[in-house]
$ cat input-v9.pdb   # PDB, C-alpha atoms and all ligand atoms
ATOM      1  CA  MET E   1     -40.797  24.343 -29.340  1.00  0.00           C
ATOM      2  CA  PRO E   2     -40.360  23.189 -25.768  1.00  0.00           C
ATOM      3  CA  ARG E   3     -43.128  21.060 -24.395  1.00  0.00           C
ATOM      4  CA  GLN E   4     -45.606  23.065 -22.341  1.00  0.00           C
ATOM      5  CA  ILE E   5     -45.618  21.668 -18.817  1.00  0.00           C
ATOM      6  CA  PRO E   6     -49.078  21.936 -17.300  1.00  0.00           C
ATOM      7  CA  LEU E   7     -49.096  24.296 -14.311  1.00  0.00           C
ATOM      8  CA  LYS E   8     -50.297  21.687 -11.848  1.00  0.00           C
ATOM      9  CA  GLU E   9     -47.484  19.325 -12.816  1.00  0.00           C
ATOM     10  CA  LYS E  10     -44.950  22.137 -12.456  1.00  0.00           C
ATOM     11  CA  LEU E  11     -46.208  23.036  -8.991  1.00  0.00           C
ATOM     12  CA  THR E  12     -46.149  19.416  -7.861  1.00  0.00           C
ATOM     13  CA  SER E  13     -42.621  18.774  -9.073  1.00  0.00           C
ATOM     14  CA  GLU E  14     -41.336  21.984  -7.438  1.00  0.00           C
ATOM     15  CA  ASN E  15     -43.041  20.899  -4.226  1.00  0.00           C
ATOM     16  CA  ASP E  16     -41.535  17.410  -4.484  1.00  0.00           C
ATOM     17  CA  ARG E  17     -38.070  18.855  -4.962  1.00  0.00           C
ATOM     18  CA  LEU E  18     -38.365  20.958  -1.797  1.00  0.00           C
ATOM     19  CA  ALA E  19     -39.945  18.081   0.115  1.00  0.00           C
ATOM     20  CA  ALA E  20     -37.024  15.829  -0.796  1.00  0.00           C
ATOM     21  CA  GLN E  21     -34.619  18.465   0.586  1.00  0.00           C
ATOM     22  CA  ILE E  22     -36.594  18.701   3.828  1.00  0.00           C
ATOM     23  CA  ARG E  23     -36.683  14.909   4.150  1.00  0.00           C
ATOM     24  CA  GLU E  24     -32.943  14.672   3.664  1.00  0.00           C
ATOM     25  CA  GLN E  25     -32.307  17.375   6.254  1.00  0.00           C
ATOM     26  CA  LEU E  26     -34.586  15.699   8.794  1.00  0.00           C
ATOM     27  CA  GLN E  27     -33.077  12.273   8.198  1.00  0.00           C
ATOM     28  CA  GLN E  28     -29.545  13.624   8.576  1.00  0.00           C
ATOM     29  CA  HIS E  29     -30.565  14.911  11.974  1.00  0.00           C
ATOM     30  CA  GLU E  30     -32.423  11.686  12.837  1.00  0.00           C
ATOM     31  CA  ILE E  31     -35.676  13.541  13.333  1.00  0.00           C
ATOM     32  CA  PHE E  32     -38.886  11.571  12.943  1.00  0.00           C
ATOM     33  CA  ALA E  33     -41.532  13.756  11.279  1.00  0.00           C
ATOM     34  CA  LEU E  34     -45.284  13.319  11.063  1.00  0.00           C
ATOM     35  CA  ASN E  35     -47.813  15.231   8.998  1.00  0.00           C
ATOM     36  CA  PHE E  36     -51.234  15.236  10.700  1.00  0.00           C
ATOM     37  CA  VAL E  37     -54.237  15.491   8.393  1.00  0.00           C
ATOM     38  CA  SER E  38     -57.975  15.374   9.038  1.00  0.00           C
ATOM     39  CA  SER E  39     -61.241  17.225   8.640  1.00  0.00           C
ATOM     40  CA  PRO E  40     -61.623  20.280  10.878  1.00  0.00           C
ATOM     41  CA  GLY E  41     -62.565  19.245  14.398  1.00  0.00           C
ATOM     42  CA  SER E  42     -61.239  15.677  14.413  1.00  0.00           C
ATOM     43  CA  GLY E  43     -58.836  16.492  17.231  1.00  0.00           C
ATOM     44  CA  LYS E  44     -55.400  17.050  15.691  1.00  0.00           C
ATOM     45  CA  THR E  45     -54.534  19.833  18.111  1.00  0.00           C
ATOM     46  CA  SER E  46     -55.944  17.872  21.069  1.00  0.00           C
ATOM     47  CA  LEU E  47     -53.853  14.830  20.217  1.00  0.00           C
ATOM     48  CA  LEU E  48     -50.754  17.006  19.926  1.00  0.00           C
ATOM     49  CA  GLU E  49     -51.514  18.680  23.263  1.00  0.00           C
ATOM     50  CA  LYS E  50     -51.738  15.282  24.964  1.00  0.00           C
ATOM     51  CA  THR E  51     -48.578  14.105  23.255  1.00  0.00           C
ATOM     52  CA  ILE E  52     -46.590  17.169  24.356  1.00  0.00           C
ATOM     53  CA  ALA E  53     -47.866  16.787  27.892  1.00  0.00           C
ATOM     54  CA  ALA E  54     -46.778  13.142  28.013  1.00  0.00           C
ATOM     55  CA  LEU E  55     -43.463  13.242  26.146  1.00  0.00           C
ATOM     56  CA  GLY E  56     -42.395  16.886  26.167  1.00  0.00           C
ATOM     57  CA  ASN E  57     -40.074  16.456  29.138  1.00  0.00           C
ATOM     58  CA  SER E  58     -38.135  13.518  27.735  1.00  0.00           C
ATOM     59  CA  LEU E  59     -38.109  14.375  24.034  1.00  0.00           C
ATOM     60  CA  GLU E  60     -37.536  17.560  22.062  1.00  0.00           C
ATOM     61  CA  ILE E  61     -40.660  18.085  20.011  1.00  0.00           C
ATOM     62  CA  GLY E  62     -40.945  20.683  17.284  1.00  0.00           C
ATOM     63  CA  LEU E  63     -44.423  21.706  16.183  1.00  0.00           C
ATOM     64  CA  ILE E  64     -45.640  23.464  13.073  1.00  0.00           C
ATOM     65  CA  ALA E  65     -49.294  24.436  13.251  1.00  0.00           C
ATOM     66  CA  GLY E  66     -50.958  25.262   9.963  1.00  0.00           C
ATOM     67  CA  ASP E  67     -54.155  27.246   9.956  1.00  0.00           C
ATOM     68  CA  VAL E  68     -56.108  29.215   7.397  1.00  0.00           C
ATOM     69  CA  GLN E  69     -56.607  32.411   9.389  1.00  0.00           C
ATOM     70  CA  THR E  70     -55.529  32.238  13.018  1.00  0.00           C
ATOM     71  CA  GLU E  71     -52.661  31.235  15.269  1.00  0.00           C
ATOM     72  CA  ASN E  72     -55.071  29.695  17.775  1.00  0.00           C
ATOM     73  CA  ASP E  73     -53.750  26.150  17.451  1.00  0.00           C
ATOM     74  CA  ALA E  74     -50.141  27.283  17.803  1.00  0.00           C
ATOM     75  CA  GLU E  75     -51.118  29.162  20.977  1.00  0.00           C
ATOM     76  CA  ARG E  76     -52.884  26.081  22.341  1.00  0.00           C
ATOM     77  CA  LEU E  77     -49.784  23.967  21.693  1.00  0.00           C
ATOM     78  CA  THR E  78     -47.564  26.494  23.435  1.00  0.00           C
ATOM     79  CA  ARG E  79     -49.906  26.540  26.428  1.00  0.00           C
ATOM     80  CA  ALA E  80     -49.768  22.730  26.491  1.00  0.00           C
ATOM     81  CA  GLY E  81     -46.020  23.004  27.052  1.00  0.00           C
ATOM     82  CA  GLY E  82     -44.693  23.027  23.496  1.00  0.00           C
ATOM     83  CA  ARG E  83     -41.349  24.810  23.620  1.00  0.00           C
ATOM     84  CA  MET E  84     -40.798  25.010  19.882  1.00  0.00           C
ATOM     85  CA  VAL E  85     -44.014  25.923  18.146  1.00  0.00           C
ATOM     86  CA  ARG E  86     -44.250  27.803  14.870  1.00  0.00           C
ATOM     87  CA  PRO E  87     -47.532  28.833  13.285  1.00  0.00           C
ATOM     88  CA  ILE E  88     -48.103  28.943   9.554  1.00  0.00           C
ATOM     89  CA  VAL E  89     -51.101  31.056   8.638  1.00  0.00           C
ATOM     90  CA  THR E  90     -51.894  30.200   5.033  1.00  0.00           C
ATOM     91  CA  GLY E  91     -54.132  33.230   4.486  1.00  0.00           C
ATOM     92  CA  GLY E  92     -56.834  31.208   2.794  1.00  0.00           C
ATOM     93  CA  ALA E  93     -54.885  28.326   1.269  1.00  0.00           C
ATOM     94  CA  CYS E  94     -56.455  25.011   2.205  1.00  0.00           C
ATOM     95  CA  HIS E  95     -53.228  23.015   2.638  1.00  0.00           C
ATOM     96  CA  LEU E  96     -49.576  23.391   3.602  1.00  0.00           C
ATOM     97  CA  ASP E  97     -46.860  23.002   0.998  1.00  0.00           C
ATOM     98  CA  ALA E  98     -43.153  22.234   1.212  1.00  0.00           C
ATOM     99  CA  LYS E  99     -42.145  25.842   0.588  1.00  0.00           C
ATOM    100  CA  MET E 100     -43.981  26.968   3.728  1.00  0.00           C
ATOM    101  CA  ILE E 101     -42.246  24.245   5.748  1.00  0.00           C
ATOM    102  CA  THR E 102     -38.811  25.177   4.377  1.00  0.00           C
ATOM    103  CA  ARG E 103     -39.375  28.744   5.500  1.00  0.00           C
ATOM    104  CA  VAL E 104     -40.109  27.888   9.141  1.00  0.00           C
ATOM    105  CA  LEU E 105     -37.763  24.933   9.463  1.00  0.00           C
ATOM    106  CA  SER E 106     -34.754  27.265   9.686  1.00  0.00           C
ATOM    107  CA  GLU E 107     -36.139  28.546  12.997  1.00  0.00           C
ATOM    108  CA  PHE E 108     -35.771  25.125  14.649  1.00  0.00           C
ATOM    109  CA  ASN E 109     -32.584  23.736  16.114  1.00  0.00           C
ATOM    110  CA  LEU E 110     -32.407  20.470  14.212  1.00  0.00           C
ATOM    111  CA  GLU E 111     -29.431  19.278  16.259  1.00  0.00           C
ATOM    112  CA  THR E 112     -31.560  18.816  19.341  1.00  0.00           C
ATOM    113  CA  LEU E 113     -34.931  17.944  17.841  1.00  0.00           C
ATOM    114  CA  ASP E 114     -36.237  14.360  18.180  1.00  0.00           C
ATOM    115  CA  LEU E 115     -39.671  14.721  16.671  1.00  0.00           C
ATOM    116  CA  LEU E 116     -41.315  17.142  14.292  1.00  0.00           C
ATOM    117  CA  PHE E 117     -45.098  17.321  14.147  1.00  0.00           C
ATOM    118  CA  ILE E 118     -46.825  19.220  11.399  1.00  0.00           C
ATOM    119  CA  GLU E 119     -50.498  19.977  11.916  1.00  0.00           C
ATOM    120  CA  ASN E 120     -51.908  20.461   8.442  1.00  0.00           C
ATOM    121  CA  VAL E 121     -54.943  22.566   7.573  1.00  0.00           C
ATOM    122  CA  GLY E 122     -58.194  20.739   8.356  1.00  0.00           C
ATOM    123  CA  ASN E 123     -59.127  19.344   4.959  1.00  0.00           C
ATOM    124  CA  LEU E 124     -59.088  15.787   3.650  1.00  0.00           C
ATOM    125  CA  VAL E 125     -58.659  16.656  -0.018  1.00  0.00           C
ATOM    126  CA  CYS E 126     -55.555  18.526  -1.188  1.00  0.00           C
ATOM    127  CA  PRO E 127     -53.182  18.024   1.773  1.00  0.00           C
ATOM    128  CA  SER E 128     -52.856  14.476   0.415  1.00  0.00           C
ATOM    129  CA  SER E 129     -51.180  15.776  -2.757  1.00  0.00           C
ATOM    130  CA  PHE E 130     -48.496  17.866  -1.053  1.00  0.00           C
ATOM    131  CA  ASP E 131     -45.484  16.056   0.304  1.00  0.00           C
ATOM    132  CA  LEU E 132     -43.978  18.060   3.185  1.00  0.00           C
ATOM    133  CA  GLY E 133     -40.913  15.892   3.634  1.00  0.00           C
ATOM    134  CA  GLU E 134     -42.502  13.952   6.489  1.00  0.00           C
ATOM    135  CA  ASP E 135     -41.817  10.301   7.291  1.00  0.00           C
ATOM    136  CA  MET E 136     -45.488   9.512   7.508  1.00  0.00           C
ATOM    137  CA  LYS E 137     -48.913  11.048   7.273  1.00  0.00           C
ATOM    138  CA  VAL E 138     -51.266  10.412  10.171  1.00  0.00           C
ATOM    139  CA  VAL E 139     -54.931  10.705   9.271  1.00  0.00           C
ATOM    140  CA  LEU E 140     -57.366  11.371  12.098  1.00  0.00           C
ATOM    141  CA  ILE E 141     -61.038  10.576  11.995  1.00  0.00           C
ATOM    142  CA  SER E 142     -63.393  11.093  14.905  1.00  0.00           C
ATOM    143  CA  THR E 143     -66.506   9.184  15.841  1.00  0.00           C
ATOM    144  CA  THR E 144     -68.597  12.354  15.551  1.00  0.00           C
ATOM    145  CA  GLU E 145     -67.986  12.453  11.785  1.00  0.00           C
ATOM    146  CA  GLY E 146     -69.578  10.406   9.050  1.00  0.00           C
ATOM    147  CA  ASP E 147     -68.117   6.917   8.921  1.00  0.00           C
ATOM    148  CA  ASP E 148     -67.823   7.072   5.129  1.00  0.00           C
ATOM    149  CA  LYS E 149     -64.680   9.254   5.202  1.00  0.00           C
ATOM    150  CA  PRO E 150     -62.334   6.540   3.842  1.00  0.00           C
ATOM    151  CA  LEU E 151     -64.657   5.929   0.898  1.00  0.00           C
ATOM    152  CA  LYS E 152     -65.128   9.633   0.211  1.00  0.00           C
ATOM    153  CA  TYR E 153     -61.462  10.600   0.495  1.00  0.00           C
ATOM    154  CA  PRO E 154     -59.539   7.475  -0.528  1.00  0.00           C
ATOM    155  CA  GLY E 155     -56.423   9.449  -1.549  1.00  0.00           C
ATOM    156  CA  MET E 156     -55.829  10.568   1.987  1.00  0.00           C
ATOM    157  CA  PHE E 157     -56.198   7.090   3.450  1.00  0.00           C
ATOM    158  CA  ARG E 158     -54.008   5.587   0.733  1.00  0.00           C
ATOM    159  CA  ARG E 159     -51.178   8.047   1.389  1.00  0.00           C
ATOM    160  CA  SER E 160     -51.355   7.846   5.167  1.00  0.00           C
ATOM    161  CA  SER E 161     -49.462   5.263   7.174  1.00  0.00           C
ATOM    162  CA  VAL E 162     -51.538   5.552  10.326  1.00  0.00           C
ATOM    163  CA  MET E 163     -55.205   6.147  10.994  1.00  0.00           C
ATOM    164  CA  VAL E 164     -56.133   7.441  14.435  1.00  0.00           C
ATOM    165  CA  VAL E 165     -59.783   7.091  15.391  1.00  0.00           C
ATOM    166  CA  ASN E 166     -60.410   9.764  18.018  1.00  0.00           C
ATOM    167  CA  LYS E 167     -63.333  10.320  20.425  1.00  0.00           C
ATOM    168  CA  ILE E 168     -63.974   6.613  21.018  1.00  0.00           C
ATOM    169  CA  ASP E 169     -65.615   7.635  24.304  1.00  0.00           C
ATOM    170  CA  LEU E 170     -68.534   8.834  22.169  1.00  0.00           C
ATOM    171  CA  LEU E 171     -68.988   5.533  20.321  1.00  0.00           C
ATOM    172  CA  GLY E 172     -72.586   4.418  20.479  1.00  0.00           C
ATOM    173  CA  THR E 173     -74.001   7.934  20.647  1.00  0.00           C
ATOM    174  CA  SER E 174     -74.303   8.130  16.855  1.00  0.00           C
ATOM    175  CA  ASP E 175     -74.480   5.814  13.842  1.00  0.00           C
ATOM    176  CA  PHE E 176     -70.694   5.842  13.455  1.00  0.00           C
ATOM    177  CA  ASP E 177     -69.691   2.231  12.797  1.00  0.00           C
ATOM    178  CA  LEU E 178     -66.084   1.690  13.873  1.00  0.00           C
ATOM    179  CA  GLU E 179     -65.764  -1.740  12.254  1.00  0.00           C
ATOM    180  CA  ARG E 180     -67.058  -0.415   8.961  1.00  0.00           C
ATOM    181  CA  VAL E 181     -64.565   2.469   8.994  1.00  0.00           C
ATOM    182  CA  LYS E 182     -61.693   0.088   9.694  1.00  0.00           C
ATOM    183  CA  LYS E 183     -62.837  -2.305   6.995  1.00  0.00           C
ATOM    184  CA  HIS E 184     -63.103   0.425   4.370  1.00  0.00           C
ATOM    185  CA  ALA E 185     -59.814   2.025   5.380  1.00  0.00           C
ATOM    186  CA  ARG E 186     -58.036  -1.335   5.078  1.00  0.00           C
ATOM    187  CA  GLN E 187     -59.624  -1.976   1.694  1.00  0.00           C
ATOM    188  CA  ILE E 188     -58.013   1.238   0.494  1.00  0.00           C
ATOM    189  CA  ASN E 189     -54.731   0.720   2.318  1.00  0.00           C
ATOM    190  CA  ALA E 190     -53.988  -2.758   3.618  1.00  0.00           C
ATOM    191  CA  ASP E 191     -50.841  -1.563   5.447  1.00  0.00           C
ATOM    192  CA  LEU E 192     -52.566   1.155   7.468  1.00  0.00           C
ATOM    193  CA  ASP E 193     -51.813   1.063  11.206  1.00  0.00           C
ATOM    194  CA  ILE E 194     -55.038   1.758  13.076  1.00  0.00           C
ATOM    195  CA  LEU E 195     -55.142   3.209  16.587  1.00  0.00           C
ATOM    196  CA  GLU E 196     -58.261   4.026  18.578  1.00  0.00           C
ATOM    197  CA  LEU E 197     -58.251   6.570  21.367  1.00  0.00           C
ATOM    198  CA  SER E 198     -59.977   9.372  23.176  1.00  0.00           C
ATOM    199  CA  CYS E 199     -58.075  12.570  23.834  1.00  0.00           C
ATOM    200  CA  ARG E 200     -60.781  13.533  26.319  1.00  0.00           C
ATOM    201  CA  THR E 201     -60.678  10.445  28.556  1.00  0.00           C
ATOM    202  CA  GLY E 202     -57.126   9.372  27.756  1.00  0.00           C
ATOM    203  CA  ASP E 203     -58.252   5.895  26.639  1.00  0.00           C
ATOM    204  CA  GLY E 204     -55.844   4.425  24.114  1.00  0.00           C
ATOM    205  CA  LEU E 205     -53.300   7.230  24.464  1.00  0.00           C
ATOM    206  CA  ASP E 206     -50.669   4.866  25.867  1.00  0.00           C
ATOM    207  CA  THR E 207     -50.718   2.797  22.689  1.00  0.00           C
ATOM    208  CA  TRP E 208     -50.258   5.941  20.628  1.00  0.00           C
ATOM    209  CA  LEU E 209     -47.360   7.153  22.788  1.00  0.00           C
ATOM    210  CA  GLN E 210     -45.660   3.760  22.610  1.00  0.00           C
ATOM    211  CA  TRP E 211     -46.113   3.684  18.848  1.00  0.00           C
ATOM    212  CA  LEU E 212     -44.427   7.075  18.696  1.00  0.00           C
ATOM    213  CA  GLN E 213     -41.577   6.292  21.066  1.00  0.00           C
ATOM    214  CA  ARG E 214     -40.621   3.235  19.042  1.00  0.00           C
ATOM    215  CA  ARG E 215     -39.935   5.542  16.113  1.00  0.00           C
ATOM    216  CA  VAL E 216     -37.681   8.055  17.832  1.00  0.00           C
ATOM    217  CA  ARG E 217     -34.308   7.706  16.130  1.00  0.00           C
ATOM    218  CA  LYS E 218     -31.863   9.558  18.314  1.00  0.00           C
ATOM    219  CA  ASN E 219     -30.166   7.482  20.929  1.00  0.00           C
ATOM    220  CA  ARG E 220     -30.607   9.686  23.931  1.00  0.00           C
ATOM    221  CA  PRO E 221     -28.157   9.126  26.754  1.00  0.00           C
ATOM    222  CA  ILE E 222     -29.985   8.146  29.900  1.00  0.00           C
ATOM    223  CA  VAL E 223     -29.569  10.925  32.424  1.00  0.00           C
ATOM    224  CA  ALA E 224     -29.266   9.475  35.906  1.00  0.00           C
TER     225      ALA E 224
HETATM  226 MG    MG P 301     -56.311  22.161  15.034  1.00  0.00          MG
HETATM  227 ZN    ZN P 302     -55.601  23.005  -0.730  1.00  0.00          ZN
END

$ encode --input "input-v9.pdb" --output "structure tokens"
Amino acid sequence: MPRQIPLKEKLTSENDRLAAQIREQLQQHEIFALNFVSSPGSGKTSLLEKTIAALGNSLEIGLIAGDVQTENDAERLTRAGGRMVRPIVTGGACHLDAKMITRVLSEFNLETLDLLFIENVGNLVCPSSFDLGEDMKVVLISTTEGDDKPLKYPGMFRRSSVMVVNKIDLLGTSDFDLERVKKHARQINADLDILELSCRTGDGLDTWLQWLQRRVRKNRPIVA
């Protein structure tokens, strides 16, 4: 009798197969792709809005906005100047998977795209188990949340390459201890890049934009 493959394992390997295809496609087209994960309300959409506003004229940015019920985030990103925005409404599912990405990716012109940003569903648990073919996961945490997030959701911090601490303008108005968060995050993932910023005041955004620009792969001709 053939070995029974547990359902979860089957789903994960099917997802990994599709994610590998996406990754190959993106790499062939020299597109740098990020998968943004966080709790609801940490500021993923705000950070993307600021990023589009700053870089949208010089770089082609594709955006995929995942949401459980609405297309609100996708609409916000379009209003912020995003020219290529595609919503994914999961209809209740608490994470995006590679199949959903495959379906919308065909609507983008990969020849011209420099960056692809995927805003995952706000949830620090299962999005960590679904590879979407991205280069890196970016985990956001804001100073209005509990500062024990890295300890509570270690999987997410282990699988992310970057941690963005948002809303630093509100530091000191709560018990959120920035040094403790950084210490715990680094205990879980010693290689984590940590950036601190405020989407509201713009503090620290330059560092984020420079970090991003260093990773753009296409050699764009300089238009005089
Ligand atoms: Mg959002
Ligand atoms: Zn989920």

$ residues_near_ligand --input "input-v9.pdb" --ligand "ligand MG 301 (chain P)" --cutoff "9 Å" --atoms "only C-alpha atoms and all ligand atoms" --output "mmCIF file with C-alpha atoms, keeping the file's coordinate frame"
data_model
loop_
_atom_site.group_PDB
_atom_site.id
_atom_site.type_symbol
_atom_site.label_atom_id
_atom_site.label_comp_id
_atom_site.auth_asym_id
_atom_site.auth_seq_id
_atom_site.Cartn_x
_atom_site.Cartn_y
_atom_site.Cartn_z
ATOM 1 C CA PRO E 40 -61.623 20.280 10.878
ATOM 2 C CA GLY E 41 -62.565 19.245 14.398
ATOM 3 C CA SER E 42 -61.239 15.677 14.413
ATOM 4 C CA GLY E 43 -58.836 16.492 17.231
ATOM 5 C CA LYS E 44 -55.400 17.050 15.691
ATOM 6 C CA THR E 45 -54.534 19.833 18.111
ATOM 7 C CA SER E 46 -55.944 17.872 21.069
ATOM 8 C CA ALA E 65 -49.294 24.436 13.251
ATOM 9 C CA GLY E 66 -50.958 25.262 9.963
ATOM 10 C CA ASP E 67 -54.155 27.246 9.956
ATOM 11 C CA ASN E 72 -55.071 29.695 17.775
ATOM 12 C CA ASP E 73 -53.750 26.150 17.451
ATOM 13 C CA ALA E 74 -50.141 27.283 17.803
ATOM 14 C CA ARG E 76 -52.884 26.081 22.341
ATOM 15 C CA GLU E 119 -50.498 19.977 11.916
ATOM 16 C CA ASN E 120 -51.908 20.461 8.442
ATOM 17 C CA VAL E 121 -54.943 22.566 7.573
ATOM 18 C CA GLY E 122 -58.194 20.739 8.356
#

$ closest_residue --input "input-v9.pdb" --among "E:Ala53, E:Cys94, E:Val89, E:Leu59" --to "ligand ZN 302 (chain P)" --atoms "all atoms listed in the file"
E:Cys94

$ residues_near_ligand --input "input-v9.pdb" --ligand "ligand ZN 302 (chain P)" --cutoff "8 Å" --atoms "all atoms listed in the file" --output "PDB file with C-alpha atoms, in the frame of the given file"
ATOM      1  CA  ALA E  93     -54.885  28.326   1.269  1.00  0.00           C
ATOM      2  CA  CYS E  94     -56.455  25.011   2.205  1.00  0.00           C
ATOM      3  CA  HIS E  95     -53.228  23.015   2.638  1.00  0.00           C
ATOM      4  CA  LEU E  96     -49.576  23.391   3.602  1.00  0.00           C
ATOM      5  CA  ASN E 123     -59.127  19.344   4.959  1.00  0.00           C
ATOM      6  CA  VAL E 125     -58.659  16.656  -0.018  1.00  0.00           C
ATOM      7  CA  CYS E 126     -55.555  18.526  -1.188  1.00  0.00           C
ATOM      8  CA  PRO E 127     -53.182  18.024   1.773  1.00  0.00           C
TER       9      PRO E 127
END

$ closest_residue --input "input-v9.pdb" --among "E:Thr70, E:Trp211, E:Glu196, E:Gly133" --to "Glu179 in chain E" --atoms "only C-alpha atoms"
E:Glu196

$ resolve_selection --input "input-v9.pdb" --expression "the PyMOL selection byres (((chain E and resi 165-169) around 8) and not hetatm)" --output "PyMOL selection string"
chain E and resi 42-43+140-144+163-164+170-171+194-201+203

$ closest_residue --input "input-v9.pdb" --among "E:Ser38, E:Gln28, E:Asn57, E:Thr102" --to "Arg217 in chain E" --atoms "all atoms listed in the file"
E:Gln28

$ atom_distance --input "input-v9.pdb" --atom1 "CA of Ile52 in chain E" --atom2 "CA of Phe130 in chain E"
25.5 Å

$ residues_around --input "input-v9.pdb" --residues "Val104 in chain E" --least-positions-apart "6" --cutoff "12 Å" --atoms "all atoms listed in the file" --output "list of chain:residue names"
E:Ile22, E:Gly62, E:Leu63, E:Ile64, E:Ala65, E:Gly66, E:Met84, E:Val85, E:Arg86, E:Pro87, E:Ile88, E:Val89, E:Leu96, E:Asp97, E:Ala98, E:Leu110, E:Leu116, E:Ile118

$ closest_residue --input "input-v9.pdb" --among "E:Gln187, E:Ser174, E:Thr207, E:Gln69" --to "Gly91 in chain E" --atoms "only C-alpha atoms"
E:Gln69

$ closest_residue --input "input-v9.pdb" --among "E:Asn35, E:Thr90, E:Ser106, E:Thr12" --to "Val162 in chain E" --atoms "all atoms listed in the file"
E:Asn35

$ atom_distance --input "input-v9.pdb" --atom1 "CA of Arg159 in chain E" --atom2 "CA of Ala19 in chain E"
15.1 Å

$ resolve_selection --input "input-v9.pdb" --expression "the PyMOL selection byres (((chain E and resi 23) around 10) and not hetatm)" --output "PDB file with C-alpha atoms, in the coordinates of the input"
ATOM      1  CA  LEU E  18     -38.365  20.958  -1.797  1.00  0.00           C
ATOM      2  CA  ALA E  19     -39.945  18.081   0.115  1.00  0.00           C
ATOM      3  CA  ALA E  20     -37.024  15.829  -0.796  1.00  0.00           C
ATOM      4  CA  GLN E  21     -34.619  18.465   0.586  1.00  0.00           C
ATOM      5  CA  ILE E  22     -36.594  18.701   3.828  1.00  0.00           C
ATOM      6  CA  GLU E  24     -32.943  14.672   3.664  1.00  0.00           C
ATOM      7  CA  GLN E  25     -32.307  17.375   6.254  1.00  0.00           C
ATOM      8  CA  LEU E  26     -34.586  15.699   8.794  1.00  0.00           C
ATOM      9  CA  GLN E  27     -33.077  12.273   8.198  1.00  0.00           C
ATOM     10  CA  GLN E  28     -29.545  13.624   8.576  1.00  0.00           C
ATOM     11  CA  HIS E  29     -30.565  14.911  11.974  1.00  0.00           C
ATOM     12  CA  ILE E  31     -35.676  13.541  13.333  1.00  0.00           C
ATOM     13  CA  PHE E  32     -38.886  11.571  12.943  1.00  0.00           C
ATOM     14  CA  ALA E  33     -41.532  13.756  11.279  1.00  0.00           C
ATOM     15  CA  ASP E 131     -45.484  16.056   0.304  1.00  0.00           C
ATOM     16  CA  LEU E 132     -43.978  18.060   3.185  1.00  0.00           C
ATOM     17  CA  GLY E 133     -40.913  15.892   3.634  1.00  0.00           C
ATOM     18  CA  GLU E 134     -42.502  13.952   6.489  1.00  0.00           C
ATOM     19  CA  ASP E 135     -41.817  10.301   7.291  1.00  0.00           C
TER      20      ASP E 135
END

$ residues_around --input "input-v9.pdb" --residues "Arg158 in chain E" --least-positions-apart "4" --cutoff "8 Å" --atoms "only C-alpha atoms" --output "CSV table (one decimal) with C-alpha atoms, in the coordinates of the input"
chain,number,residue,atom,x,y,z
E,154,PRO,CA,-59.5,7.5,-0.5
E,188,ILE,CA,-58.0,1.2,0.5
E,189,ASN,CA,-54.7,0.7,2.3

$ axis_aligned_box --input "input-v9.pdb" --around "range 122-137 of chain E" --padding-each-side "6 Å" --output "AutoDock Vina command-line options"
--center_x -50.0 --center_y 15.1 --center_z 2.8 --size_x 30.2 --size_y 23.2 --size_z 23.1

$ closest_residue --input "input-v9.pdb" --among "E:Lys152, E:Gln210, E:Arg215, E:Ser160" --to "Ala190 in chain E" --atoms "all atoms listed in the file"
E:Ser160

$ atom_distance --input "input-v9.pdb" --atom1 "CA of Phe157 in chain E" --atom2 "CA of Val37 in chain E"
9.9 Å

$ resolve_selection --input "input-v9.pdb" --expression "the PyMOL selection byres (((chain E and resi 114) around 6) and not hetatm)" --output "list in words"
Ile31, Glu60, Leu113 and Leu115 of chain E

$ residues_around --input "input-v9.pdb" --residues "Gly56 in chain E" --least-positions-apart "6" --cutoff "9 Å" --atoms "all atoms listed in the file" --output "list in words"
Gly81, Gly82 and Arg83 of chain E

$ decode --input "input-v9.pdb" --residues "range 191-199 of chain E" --atoms "N, CA and C atoms" --output "mmCIF file, in the first residue's frame"
data_model
loop_
_atom_site.group_PDB
_atom_site.id
_atom_site.type_symbol
_atom_site.label_atom_id
_atom_site.label_comp_id
_atom_site.auth_asym_id
_atom_site.auth_seq_id
_atom_site.Cartn_x
_atom_site.Cartn_y
_atom_site.Cartn_z
ATOM 1 N N ASP E 191 20.520 37.106 12.235
ATOM 2 C CA ASP E 191 20.813 37.796 10.976
ATOM 3 C C ASP E 191 19.778 38.856 10.599
ATOM 4 N N LEU E 192 18.767 39.027 11.436
ATOM 5 C CA LEU E 192 17.675 39.937 11.119
ATOM 6 C C LEU E 192 18.188 41.378 10.952
ATOM 7 N N ASP E 193 17.846 41.998 9.829
ATOM 8 C CA ASP E 193 18.085 43.438 9.662
ATOM 9 C C ASP E 193 16.976 44.156 10.417
ATOM 10 N N ILE E 194 17.307 45.161 11.183
ATOM 11 C CA ILE E 194 16.273 45.879 11.931
ATOM 12 C C ILE E 194 16.260 47.350 11.523
ATOM 13 N N LEU E 195 15.082 47.826 11.116
ATOM 14 C CA LEU E 195 14.930 49.229 10.741
ATOM 15 C C LEU E 195 13.838 49.837 11.605
ATOM 16 N N GLU E 196 14.041 51.075 12.016
ATOM 17 C CA GLU E 196 13.046 51.757 12.843
ATOM 18 C C GLU E 196 12.549 52.974 12.081
ATOM 19 N N LEU E 197 11.234 53.160 12.060
ATOM 20 C CA LEU E 197 10.719 54.304 11.310
ATOM 21 C C LEU E 197 9.328 54.711 11.778
ATOM 22 N N SER E 198 8.875 55.804 11.246
ATOM 23 C CA SER E 198 7.502 56.233 11.469
ATOM 24 C C SER E 198 6.904 56.632 10.133
ATOM 25 N N CYS E 199 5.886 55.903 9.702
ATOM 26 C CA CYS E 199 5.238 56.266 8.444
ATOM 27 C C CYS E 199 4.544 57.613 8.583
#
